[in-house]
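Listing of target02.txt, compact mmCIF, C-alpha atoms (C1' of nucleotides)
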```
# COMPACT_ATOMS: atom_id res chain seq x y z
CA MET H 20 -31.78 3.01 -4.15
CA GLY H 21 -35.25 1.53 -4.00
CA TYR H 22 -34.01 -2.07 -4.15
CA ARG H 23 -34.45 -4.29 -1.13
CA HIS H 24 -32.97 -7.35 -2.71
CA TYR H 25 -29.94 -7.11 -4.91
CA SER H 26 -30.49 -9.65 -7.63
CA ARG H 27 -28.05 -9.56 -10.49
CA ASP H 28 -30.79 -8.12 -12.73
CA ASN H 29 -31.43 -5.29 -10.35
CA LEU H 30 -27.74 -4.61 -10.11
CA ALA H 31 -27.40 -4.35 -13.89
CA ASP H 32 -30.02 -1.60 -13.75
CA VAL H 33 -28.23 0.11 -10.90
CA LEU H 34 -25.00 0.09 -12.89
CA ARG H 35 -26.71 1.49 -15.99
CA ALA H 36 -28.35 4.17 -13.86
CA HIS H 37 -24.85 5.27 -12.89
CA GLY H 38 -23.61 5.25 -16.47
CA ILE H 39 -21.70 2.01 -16.12
CA ASN H 40 -21.75 -0.69 -18.76
CA PRO H 41 -22.90 -3.77 -16.83
CA THR H 42 -20.54 -6.61 -17.64
CA HIS H 43 -20.52 -9.99 -15.92
CA GLN H 44 -17.54 -9.13 -13.77
CA ARG H 45 -18.90 -5.74 -12.76
CA ILE H 46 -22.19 -7.27 -11.74
CA GLU H 47 -20.45 -9.90 -9.65
CA ILE H 48 -18.34 -7.26 -7.96
CA ALA H 49 -21.37 -5.10 -7.27
CA HIS H 50 -23.12 -8.19 -5.94
CA ALA H 51 -20.29 -8.97 -3.54
CA LEU H 52 -20.54 -5.50 -2.06
CA TYR H 53 -24.30 -5.01 -2.03
CA SER H 54 -25.52 -8.45 -1.03
CA ARG H 55 -23.60 -8.38 2.21
CA GLN H 56 -23.71 -4.83 3.50
CA GLU H 57 -20.14 -4.83 4.75
CA HIS H 58 -16.93 -2.94 4.32
CA LEU H 59 -14.71 -5.03 2.10
CA SER H 60 -11.10 -4.71 1.04
CA ALA H 61 -10.22 -5.16 -2.62
CA ASP H 62 -8.59 -8.44 -1.73
CA ARG H 63 -11.71 -9.69 -0.04
CA VAL H 64 -13.85 -8.66 -3.00
CA LEU H 65 -11.53 -10.58 -5.28
CA ALA H 66 -11.86 -13.69 -3.12
CA LEU H 67 -15.64 -13.44 -2.89
CA VAL H 68 -16.09 -12.91 -6.60
CA ASN H 69 -13.91 -15.90 -7.37
CA GLU H 70 -15.86 -18.19 -5.09
CA ARG H 71 -18.28 -18.35 -7.99
CA HIS H 72 -17.38 -20.06 -11.22
CA PRO H 73 -15.37 -17.72 -13.37
CA GLU H 74 -11.95 -16.47 -12.39
CA THR H 75 -11.96 -12.71 -12.30
CA SER H 76 -8.59 -11.03 -12.43
CA ARG H 77 -7.14 -8.81 -9.79
CA ALA H 78 -6.71 -6.00 -12.32
CA THR H 79 -10.41 -6.04 -13.11
CA VAL H 80 -11.38 -5.88 -9.46
CA TYR H 81 -9.14 -2.88 -8.90
CA ASN H 82 -10.29 -1.20 -12.11
CA THR H 83 -13.90 -1.79 -11.27
CA LEU H 84 -13.71 -0.60 -7.69
CA LYS H 85 -12.05 2.57 -8.89
CA LEU H 86 -14.75 3.01 -11.53
CA PHE H 87 -17.52 2.48 -8.97
CA VAL H 88 -15.99 5.07 -6.66
CA GLU H 89 -15.72 7.54 -9.54
CA LYS H 90 -19.34 6.96 -10.47
CA ARG H 91 -20.40 7.30 -6.83
CA LEU H 92 -21.73 3.79 -6.56
CA ILE H 93 -19.57 2.99 -3.55
CA ARG H 94 -17.23 4.90 -1.26
CA GLU H 95 -13.62 4.45 -0.28
CA VAL H 96 -12.89 4.29 3.41
CA ILE H 97 -9.31 5.06 4.31
CA VAL H 98 -8.64 4.07 7.90
CA ASP H 99 -6.10 1.33 7.72
CA PRO H 100 -2.68 2.17 6.29
CA SER H 101 -2.37 -1.33 4.90
CA ARG H 102 -5.52 -1.47 2.79
CA VAL H 103 -8.51 0.48 1.54
CA PHE H 104 -12.06 -0.55 2.36
CA TYR H 105 -15.01 -0.14 0.04
CA ASP H 106 -18.41 0.76 1.39
CA PRO H 107 -21.66 0.15 -0.48
CA ASN H 108 -23.41 2.65 1.77
CA THR H 109 -23.19 5.98 -0.01
CA SER H 110 -25.56 7.93 2.21
CA ALA H 111 -23.89 10.45 4.50
CA HIS H 112 -22.35 8.65 7.42
CA TYR H 113 -19.20 8.28 9.48
CA HIS H 114 -17.27 5.40 10.95
CA ILE H 115 -16.15 3.73 14.12
CA TYR H 116 -13.00 1.72 13.59
CA ASP H 117 -11.86 -0.97 16.00
CA VAL H 118 -8.09 -0.72 15.73
CA GLU H 119 -7.60 -4.22 17.05
CA THR H 120 -10.07 -6.24 15.03
CA GLY H 121 -10.24 -3.94 12.02
CA ARG H 122 -14.03 -3.91 12.23
CA LEU H 123 -15.82 -0.88 10.79
CA THR H 124 -19.22 0.33 12.02
CA ASP H 125 -21.39 3.04 10.55
CA ILE H 126 -22.60 6.17 12.28
CA ASP H 127 -25.55 7.84 10.63
CA ALA H 128 -24.64 11.41 9.77
CA ALA H 129 -28.20 12.63 10.24
CA ASP H 130 -27.77 12.40 14.00
CA VAL H 131 -24.49 14.28 14.10
CA ARG H 132 -24.16 18.05 14.20
CA ILE H 133 -20.85 19.77 13.65
CA GLU H 134 -20.22 23.45 14.22
CA GLY H 135 -17.29 25.77 13.96
CA LEU H 136 -15.51 24.34 10.96
CA PRO H 137 -13.48 27.02 9.22
CA ALA H 138 -14.40 28.27 5.77
CA LEU H 139 -12.54 26.58 2.96
CA PRO H 140 -9.81 28.49 1.16
CA THR H 141 -11.37 30.29 -1.81
CA GLY H 142 -11.60 28.32 -5.00
CA MET H 143 -11.76 25.05 -3.10
CA VAL H 144 -14.76 22.76 -2.90
CA THR H 145 -15.45 19.93 -0.53
CA GLU H 146 -15.17 16.44 -1.97
CA GLY H 147 -16.37 14.85 1.22
CA MET H 148 -15.84 14.69 4.93
CA ASP H 149 -14.69 11.66 6.86
CA ILE H 150 -15.03 11.21 10.58
CA ILE H 151 -13.34 8.20 12.09
CA ILE H 152 -13.55 7.30 15.74
CA ARG H 153 -10.79 4.88 16.60
CA VAL H 154 -11.68 2.56 19.45
CA ARG H 155 -10.26 -0.45 21.27
CA ARG H 156 -11.28 -2.76 24.11
CA ALA H 157 -10.78 -1.09 27.48
CA GLN H 158 -8.35 -2.18 30.20
CA ASP H 159 -5.73 -3.94 28.13
CA LEU H 160 -3.41 -0.95 28.62
CA MET I 285 5.79 22.09 24.66
CA GLY I 286 7.46 25.25 25.96
CA TYR I 287 10.13 25.23 23.29
CA ARG I 288 10.10 27.87 20.58
CA HIS I 289 13.18 26.71 18.84
CA TYR I 290 13.89 23.04 18.44
CA SER I 291 17.62 22.73 18.88
CA ARG I 292 18.98 19.23 19.09
CA ASP I 293 19.63 19.74 22.80
CA ASN I 294 16.06 20.72 23.45
CA LEU I 295 14.85 17.74 21.46
CA ALA I 296 16.93 15.34 23.56
CA ASP I 297 15.08 16.68 26.59
CA VAL I 298 11.75 16.32 24.86
CA LEU I 299 12.54 12.70 24.04
CA ARG I 300 13.59 11.95 27.59
CA ALA I 301 10.44 13.60 28.90
CA HIS I 302 8.51 11.06 26.85
CA GLY I 303 10.54 8.15 28.13
CA ILE I 304 12.57 7.79 24.95
CA ASN I 305 16.29 7.18 24.98
CA PRO I 306 17.65 10.04 22.84
CA THR I 307 20.05 8.57 20.30
CA HIS I 308 21.61 10.49 17.44
CA GLN I 309 19.21 9.06 14.92
CA ARG I 310 16.14 9.69 17.02
CA ILE I 311 17.16 13.28 17.58
CA GLU I 312 17.68 13.79 13.87
CA ILE I 313 14.29 12.30 13.11
CA ALA I 314 12.61 14.44 15.75
CA HIS I 315 14.43 17.43 14.32
CA ALA I 316 13.17 16.73 10.82
CA LEU I 317 9.60 16.73 12.08
CA TYR I 318 9.73 19.56 14.60
CA SER I 319 11.96 22.05 12.84
CA ARG I 320 9.63 22.31 9.89
CA GLN I 321 6.10 22.04 11.22
CA GLU I 322 4.84 19.94 8.36
CA HIS I 323 3.18 16.63 7.73
CA LEU I 324 5.86 14.28 6.47
CA SER I 325 5.77 10.78 5.07
CA ALA I 326 8.27 8.22 6.35
CA ASP I 327 10.04 8.41 3.03
CA ARG I 328 10.40 12.15 3.26
CA VAL I 329 11.72 11.90 6.81
CA LEU I 330 14.30 9.39 5.62
CA ALA I 331 15.41 11.73 2.85
CA LEU I 332 15.60 14.75 5.14
CA VAL I 333 17.55 12.93 7.81
CA ASN I 334 20.02 11.66 5.28
CA GLU I 335 20.67 15.11 3.87
CA ARG I 336 22.93 15.49 6.89
CA HIS I 337 26.14 13.52 7.21
CA PRO I 338 25.33 10.07 8.52
CA GLU I 339 23.28 7.57 6.59
CA THR I 340 20.35 6.54 8.70
CA SER I 341 18.64 3.32 7.71
CA ARG I 342 15.08 2.96 6.57
CA ALA I 343 14.41 0.42 9.31
CA THR I 344 15.43 2.93 11.97
CA VAL I 345 13.21 5.62 10.54
CA TYR I 346 10.22 3.30 10.55
CA ASN I 347 11.03 1.94 14.01
CA THR I 348 11.48 5.42 15.39
CA LEU I 349 8.33 6.86 13.89
CA LYS I 350 6.38 3.98 15.34
CA LEU I 351 8.01 4.54 18.71
CA PHE I 352 7.25 8.25 18.62
CA VAL I 353 3.59 7.54 17.86
CA GLU I 354 3.41 5.03 20.71
CA LYS I 355 4.93 7.56 23.10
CA ARG I 356 2.58 10.27 21.85
CA LEU I 357 5.32 12.49 20.54
CA ILE I 358 3.80 12.66 17.10
CA ARG I 359 0.60 11.49 15.44
CA GLU I 360 -0.17 9.33 12.44
CA VAL I 361 -2.43 10.85 9.81
CA ILE I 362 -4.09 8.32 7.56
CA VAL I 363 -5.59 10.06 4.55
CA ASP I 364 -3.69 8.74 1.60
CA PRO I 365 -3.98 5.07 0.78
CA SER I 366 -0.43 4.99 -0.47
CA ARG I 367 1.41 6.37 2.55
CA VAL I 368 1.07 7.49 6.15
CA PHE I 369 1.86 11.03 7.22
CA TYR I 370 3.38 11.97 10.55
CA ASP I 371 2.30 15.09 12.34
CA PRO I 372 4.40 16.80 15.02
CA ASN I 373 1.31 18.66 16.22
CA THR I 374 -0.20 16.52 18.96
CA SER I 375 -2.74 19.02 20.24
CA ALA I 376 -6.33 18.21 19.35
CA HIS I 377 -6.95 19.14 15.76
CA TYR I 378 -8.37 17.93 12.49
CA HIS I 379 -7.31 18.09 8.87
CA ILE I 380 -8.11 19.45 5.46
CA TYR I 381 -6.68 17.29 2.71
CA ASP I 382 -6.23 18.51 -0.82
CA VAL I 383 -6.78 15.36 -2.84
CA GLU I 384 -4.95 16.78 -5.83
CA THR I 385 -1.80 18.18 -4.31
CA GLY I 386 -1.73 15.97 -1.23
CA ARG I 387 -1.36 19.02 0.98
CA LEU I 388 -2.56 18.73 4.57
CA THR I 389 -3.76 21.70 6.63
CA ASP I 390 -4.66 21.77 10.30
CA ILE I 391 -7.99 22.74 11.81
CA ASP I 392 -7.86 23.63 15.47
CA ALA I 393 -10.22 21.38 17.37
CA ALA I 394 -10.94 24.04 19.99
CA ASP I 395 -13.16 25.85 17.49
CA VAL I 396 -15.14 22.79 16.49
CA ARG I 397 -18.13 21.46 18.33
CA ILE I 398 -19.59 18.07 17.57
CA GLU I 399 -22.89 16.79 18.90
CA GLY I 400 -24.95 13.68 18.49
CA LEU I 401 -22.26 11.05 18.29
CA PRO I 402 -23.56 7.71 19.50
CA ALA I 403 -22.30 6.14 22.71
CA LEU I 404 -19.55 3.62 22.22
CA PRO I 405 -20.30 -0.06 22.63
CA THR I 406 -19.66 -1.03 26.25
CA GLY I 407 -16.13 -2.05 27.06
CA MET I 408 -14.75 0.11 24.30
CA VAL I 409 -12.67 3.23 24.76
CA THR I 410 -11.81 5.94 22.30
CA GLU I 411 -8.28 5.98 20.99
CA GLY I 412 -8.79 9.13 19.04
CA MET I 413 -11.02 10.84 16.54
CA ASP I 414 -10.02 11.94 13.08
CA ILE I 415 -11.88 14.38 10.94
CA ILE I 416 -10.71 14.80 7.39
CA ILE I 417 -12.22 17.23 4.95
CA ARG I 418 -11.27 16.29 1.44
CA VAL I 419 -11.11 19.25 -0.91
CA ARG I 420 -10.10 20.05 -4.46
CA ARG I 421 -9.91 23.09 -6.71
CA ALA I 422 -13.32 24.07 -8.01
CA GLN I 423 -14.38 24.16 -11.69
CA ASP I 424 -12.23 21.36 -13.08
CA LEU I 425 -14.69 18.69 -14.17
C1' DA C 210 38.05 -2.50 30.24
C1' DT C 211 33.94 -5.53 29.93
C1' DG C 212 29.66 -7.44 29.21
C1' DA C 213 24.58 -7.02 28.74
C1' DG C 214 20.99 -4.97 26.65
C1' DA C 215 19.37 -1.65 23.61
C1' DA C 216 19.65 0.48 19.06
C1' DT C 217 20.94 0.31 14.39
C1' DT C 218 21.86 -1.70 10.00
C1' DA C 219 21.55 -3.96 5.23
C1' DG C 220 19.14 -6.54 2.75
C1' DA C 221 15.61 -9.85 1.92
C1' DC C 222 10.86 -10.11 2.12
C1' DA C 223 5.58 -9.31 2.05
C1' DC C 224 1.87 -7.36 0.05
C1' DA C 225 -1.45 -3.86 -1.87
C1' DG C 226 -1.96 -1.71 -5.81
C1' DT C 227 -0.50 -0.30 -10.81
C1' DC C 228 0.79 -0.91 -15.55
C1' DC C 229 0.96 -2.89 -19.98
C1' DA C 230 0.54 -5.44 -24.06
C1' DA C 231 -2.19 -9.18 -25.73
C1' DT C 232 -6.65 -11.13 -25.99
C1' DC C 233 -11.51 -11.34 -25.54
C1' DC C 234 -16.17 -9.93 -25.88
C1' DC C 235 -20.13 -7.60 -27.52
C1' DG C 236 -23.14 -4.63 -30.00
C1' DG C 237 -23.81 -2.40 -34.41
C1' DC C 238 -23.72 -2.70 -39.25
C1' DG C 239 -23.51 -4.46 -43.81
C1' DC Q 131 -25.46 -14.03 -40.20
C1' DG Q 132 -20.71 -12.83 -40.05
C1' DC Q 133 -17.44 -9.03 -39.56
C1' DC Q 134 -15.48 -5.16 -37.25
C1' DG Q 135 -14.03 -1.81 -33.77
C1' DG Q 136 -13.59 -0.32 -29.28
C1' DG Q 137 -14.26 -1.15 -24.65
C1' DA Q 138 -13.34 -4.69 -21.07
C1' DT Q 139 -10.57 -8.20 -19.25
C1' DT Q 140 -6.48 -10.78 -18.40
C1' DG Q 141 -1.88 -12.47 -16.61
C1' DG Q 142 2.13 -11.21 -15.32
C1' DA Q 143 5.68 -8.10 -14.48
C1' DC Q 144 6.52 -4.22 -11.79
C1' DT Q 145 6.50 -0.42 -7.94
C1' DG Q 146 6.54 1.51 -3.54
C1' DT Q 147 5.57 1.20 1.45
C1' DG Q 148 6.39 -0.96 5.11
C1' DT Q 149 8.18 -5.30 7.88
C1' DC Q 150 11.40 -8.77 9.44
C1' DT Q 151 15.68 -10.79 10.72
C1' DA Q 152 20.13 -11.84 11.93
C1' DA Q 153 24.32 -9.63 12.49
C1' DT Q 154 26.76 -5.59 14.15
C1' DT Q 155 27.48 -1.47 16.87
C1' DC Q 156 26.58 1.55 20.67
C1' DT Q 157 25.96 2.79 25.42
C1' DC Q 158 26.70 2.83 29.89
C1' DA Q 159 26.88 0.82 34.47
C1' DT Q 160 29.88 -1.80 36.98
```
The structure given in the file should be rewritten as structure tokens.
Amino acid sequence: MGYRHYSRDNLADVLRAHGINPTHQRIEIAHALYSRQEHLSADRVLALVNERHPETSRATVYNTLKLFVEKRLIREVIVDPSRVFYDPNTSAHYHIYDVETGRLTDIDAADVRIEGLPALPTGMVTEGMDIIIRVRRAQDL
Amino acid sequence: MGYRHYSRDNLADVLRAHGINPTHQRIEIAHALYSRQEHLSADRVLALVNERHPETSRATVYNTLKLFVEKRLIREVIVDPSRVFYDPNTSAHYHIYDVETGRLTDIDAADVRIEGLPALPTGMVTEGMDIIIRVRRAQDL
DNA sequence: ATGAGAATTAGACACAGTCCAATCCCGGCG
DNA sequence: CGCCGGGATTGGACTGTGTCTAATTCTCAT
């Protein structure tokens, strides 16, 4: 959390802090997500990681992303039926989704106030809340 | 909107009112969605429609669901990375999603008040807003 | 009846994501 | 220092949703 610059050393510490064994591949995957603060698809992560020397397998990327989500290192963003995005920003926030370009933008949750949500059925707990505002360029019907 | 009971005749009128040519298949698909007021996946719609006599093709089900969404007869609900749900309820509302069972429940939007959302970038218009509350049974874990 | 355009169809295809058995790697221990 | 065991990684086959296409069928106005 306190890191400004995500060197691979720092990232190893971050992984350990989340109870994750920091392997080469995991560090590279974390690096892909944290160094550019973007929303990436699994496919894109795979491509970015493999721009560097070693070939990392698709299975590992998927395994690792799932592990990171489980350990709350990143978040899944489900807005596009064709692929999941992964978001290195784990602080409370929502999203604006451009349905034409596929671009995702963050909305800080601190600014947003929501009232009147019903109580959850008993025995249920909230895992999380997603708000997605779908937008498009005006005027093109 | 004024229909209590969704007979196939009524549905033909509903389709026409939305500028959709009411074919047999389209009426059956509309019936599947409207008769049971549930959130159905395309696959489930296909199965339901084919419980009746004629075999309706997968392509038609997908084409038709897309058409219905375009014509605002139904809504897409994107909560599960593996498949899209279709929702015959087009009035403003949000969703509770049980991540374990996959069950979707409606939240009436009339009761919910949201403040502090940022202005949209200029030239952009809202297509729609989704709110999804992900829940699970307590105490496991 | 007929012909044009719309709707439907089967089946091939695309693609994200999963699964699995074999291999690799690494840290601990003798 | 070398061995061992279990976790991590790998390639490749596989699955399931959804798309595409070319051919056929339907509809309906003339």
Inset, instruction - Starting from the point (31.9, -2.1, 32.6), work out which residues of protein, DNA or RNA have an atom no more than 9 Å away when counting only C-alpha atoms (C1' of nucleotides); state them as a list of chain:residue names. - result: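 Residues satisfying the cut-off, written out: C:DA210, C:DT211, C:DG212, Q:DC158, Q:DA159, Q:DT160.
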Determine, for each residue of chain C having at least one atom at most 9 Å from an atom of chain H, the closest pair of atoms and their separation in Å to one decimal, counting all atoms listed in the file; order by chain and ascending number, as a tab-separated table.
```
residue	atom	partner	partner_atom	distance
C:DC224	C1'	H:Ser101	CA	8.8
C:DA225	C1'	H:Arg102	CA	6.6
C:DG226	C1'	H:Tyr81	CA	7.9
C:DT227	C1'	H:Ala78	CA	8.6
```
Legend entry - For range 147-158 of chain H: contacts at 9 Å, only C-alpha atoms (C1' of nucleotides), fewer than 4 positions along chain excluded, given as an NGL selection string: (:H and (96-98 or 112-120)) or (:I and (404 or 406-419))
Inset, instruction - Work out how far apart CA of Ala394 in chain I and CA of Leu136 in chain H are and give it in Å to one decimal. - result: 10.1 Å
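The space between CA of His323 in chain I and CA of Asn305 in chain I spans 23.6 Å.
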Select all residues near (-20.2, -7.8, -26.0) (cut-off 12 Å, inclusive, file coordinates), counting all atoms listed in the file, and output them as an mmCIF file with C-alpha atoms (C1' of nucleotides), keeping the file's coordinate frame.
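What ended up in out_27.cif:
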```
data_model
loop_
_atom_site.group_PDB
_atom_site.id
_atom_site.type_symbol
_atom_site.label_atom_id
_atom_site.label_comp_id
_atom_site.auth_asym_id
_atom_site.auth_seq_id
_atom_site.Cartn_x
_atom_site.Cartn_y
_atom_site.Cartn_z
ATOM 1 C CA ASN H 40 -21.750 -0.690 -18.760
ATOM 2 C CA PRO H 41 -22.900 -3.770 -16.830
ATOM 3 C CA THR H 42 -20.540 -6.610 -17.640
ATOM 4 C CA HIS H 43 -20.520 -9.990 -15.920
ATOM 5 C "C1'" DC C 233 -11.510 -11.340 -25.540
ATOM 6 C "C1'" DC C 234 -16.170 -9.930 -25.880
ATOM 7 C "C1'" DC C 235 -20.130 -7.600 -27.520
ATOM 8 C "C1'" DG C 236 -23.140 -4.630 -30.000
ATOM 9 C "C1'" DG C 237 -23.810 -2.400 -34.410
ATOM 10 C "C1'" DG Q 135 -14.030 -1.810 -33.770
ATOM 11 C "C1'" DG Q 136 -13.590 -0.320 -29.280
ATOM 12 C "C1'" DG Q 137 -14.260 -1.150 -24.650
ATOM 13 C "C1'" DA Q 138 -13.340 -4.690 -21.070
ATOM 14 C "C1'" DT Q 139 -10.570 -8.200 -19.250
#
```
Legend entry - Nearest-residue call for chain Q, choices I:Asp293, I:Glu339, I:Glu360, I:Pro365, using all atoms listed in the file: I:Pro365
Legend entry - Distance in Å - CA of Leu34 in chain H versus CA of Asp106 in chain H: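 Atom-to-atom, CA of Leu34 in chain H and CA of Asp106 in chain H are spaced 15.7 Å apart.
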Inset, instruction - Find, counting only C-alpha atoms (C1' of nucleotides), the residue in I:Ala314, I:Val333, I:Glu322, I:Asp364 that gets nearest to chain Q. - result: I:Asp364
Using only C-alpha atoms (C1' of nucleotides), determine which residues lie at most 12 Å from DA221 in chain C, disregarding the query and same-chain residues fewer than 4 positions distant; provide the list as a PDB file with C-alpha atoms (C1' of nucleotides), in the coordinates of the input.
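The result, stored in out.pdb:
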```pdb
ATOM      1  C1'  DT Q 149       8.180  -5.300   7.880  1.00  0.00           C
ATOM      2  C1'  DC Q 150      11.400  -8.770   9.440  1.00  0.00           C
ATOM      3  C1'  DT Q 151      15.680 -10.790  10.720  1.00  0.00           C
ATOM      4  C1'  DA Q 152      20.130 -11.840  11.930  1.00  0.00           C
TER       5       DA Q 152
END
```
Legend entry - DT155 in chain Q environment, 12 Å, only C-alpha atoms (C1' of nucleotides), sequence neighbours closer than 3 positions dropped, as a list in words: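 Using only C-alpha atoms (C1' of nucleotides), the neighbours found are DA215, DA216, DT217 and DT218 of chain C.
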Atom completion result for range 140-152 of chain H (N, CA and C atoms) as a PDB file, in the frame of the given file:
```pdb
ATOM      1  N   PRO H 140     -10.542  27.522   1.979  1.00  0.00           N
ATOM      2  CA  PRO H 140      -9.810  28.490   1.160  1.00  0.00           C
ATOM      3  C   PRO H 140     -10.602  28.754  -0.127  1.00  0.00           C
ATOM      4  N   THR H 141     -10.578  29.972  -0.622  1.00  0.00           N
ATOM      5  CA  THR H 141     -11.370  30.290  -1.810  1.00  0.00           C
ATOM      6  C   THR H 141     -10.918  29.459  -2.999  1.00  0.00           C
ATOM      7  N   GLY H 142     -11.902  29.107  -3.821  1.00  0.00           N
ATOM      8  CA  GLY H 142     -11.600  28.320  -5.000  1.00  0.00           C
ATOM      9  C   GLY H 142     -11.536  26.833  -4.726  1.00  0.00           C
ATOM     10  N   MET H 143     -11.786  26.465  -3.467  1.00  0.00           N
ATOM     11  CA  MET H 143     -11.760  25.050  -3.100  1.00  0.00           C
ATOM     12  C   MET H 143     -13.186  24.572  -2.828  1.00  0.00           C
ATOM     13  N   VAL H 144     -13.460  23.353  -3.210  1.00  0.00           N
ATOM     14  CA  VAL H 144     -14.760  22.760  -2.900  1.00  0.00           C
ATOM     15  C   VAL H 144     -14.554  21.451  -2.136  1.00  0.00           C
ATOM     16  N   THR H 145     -15.541  21.148  -1.318  1.00  0.00           N
ATOM     17  CA  THR H 145     -15.450  19.930  -0.530  1.00  0.00           C
ATOM     18  C   THR H 145     -15.772  18.722  -1.395  1.00  0.00           C
ATOM     19  N   GLU H 146     -14.949  17.720  -1.302  1.00  0.00           N
ATOM     20  CA  GLU H 146     -15.170  16.440  -1.970  1.00  0.00           C
ATOM     21  C   GLU H 146     -15.956  15.528  -1.042  1.00  0.00           C
ATOM     22  N   GLY H 147     -15.720  15.703   0.243  1.00  0.00           N
ATOM     23  CA  GLY H 147     -16.370  14.850   1.220  1.00  0.00           C
ATOM     24  C   GLY H 147     -15.721  15.040   2.570  1.00  0.00           C
ATOM     25  N   MET H 148     -16.412  14.590   3.595  1.00  0.00           N
ATOM     26  CA  MET H 148     -15.840  14.690   4.930  1.00  0.00           C
ATOM     27  C   MET H 148     -15.876  13.314   5.574  1.00  0.00           C
ATOM     28  N   ASP H 149     -14.755  12.935   6.150  1.00  0.00           N
ATOM     29  CA  ASP H 149     -14.690  11.660   6.860  1.00  0.00           C
ATOM     30  C   ASP H 149     -14.514  11.933   8.341  1.00  0.00           C
ATOM     31  N   ILE H 150     -15.284  11.205   9.144  1.00  0.00           N
ATOM     32  CA  ILE H 150     -15.030  11.210  10.580  1.00  0.00           C
ATOM     33  C   ILE H 150     -14.792   9.772  10.986  1.00  0.00           C
ATOM     34  N   ILE H 151     -13.689   9.549  11.644  1.00  0.00           N
ATOM     35  CA  ILE H 151     -13.340   8.200  12.090  1.00  0.00           C
ATOM     36  C   ILE H 151     -13.048   8.232  13.574  1.00  0.00           C
ATOM     37  N   ILE H 152     -13.811   7.438  14.304  1.00  0.00           N
ATOM     38  CA  ILE H 152     -13.550   7.300  15.740  1.00  0.00           C
ATOM     39  C   ILE H 152     -12.820   5.990  15.926  1.00  0.00           C
TER      40      ILE H 152
END
```
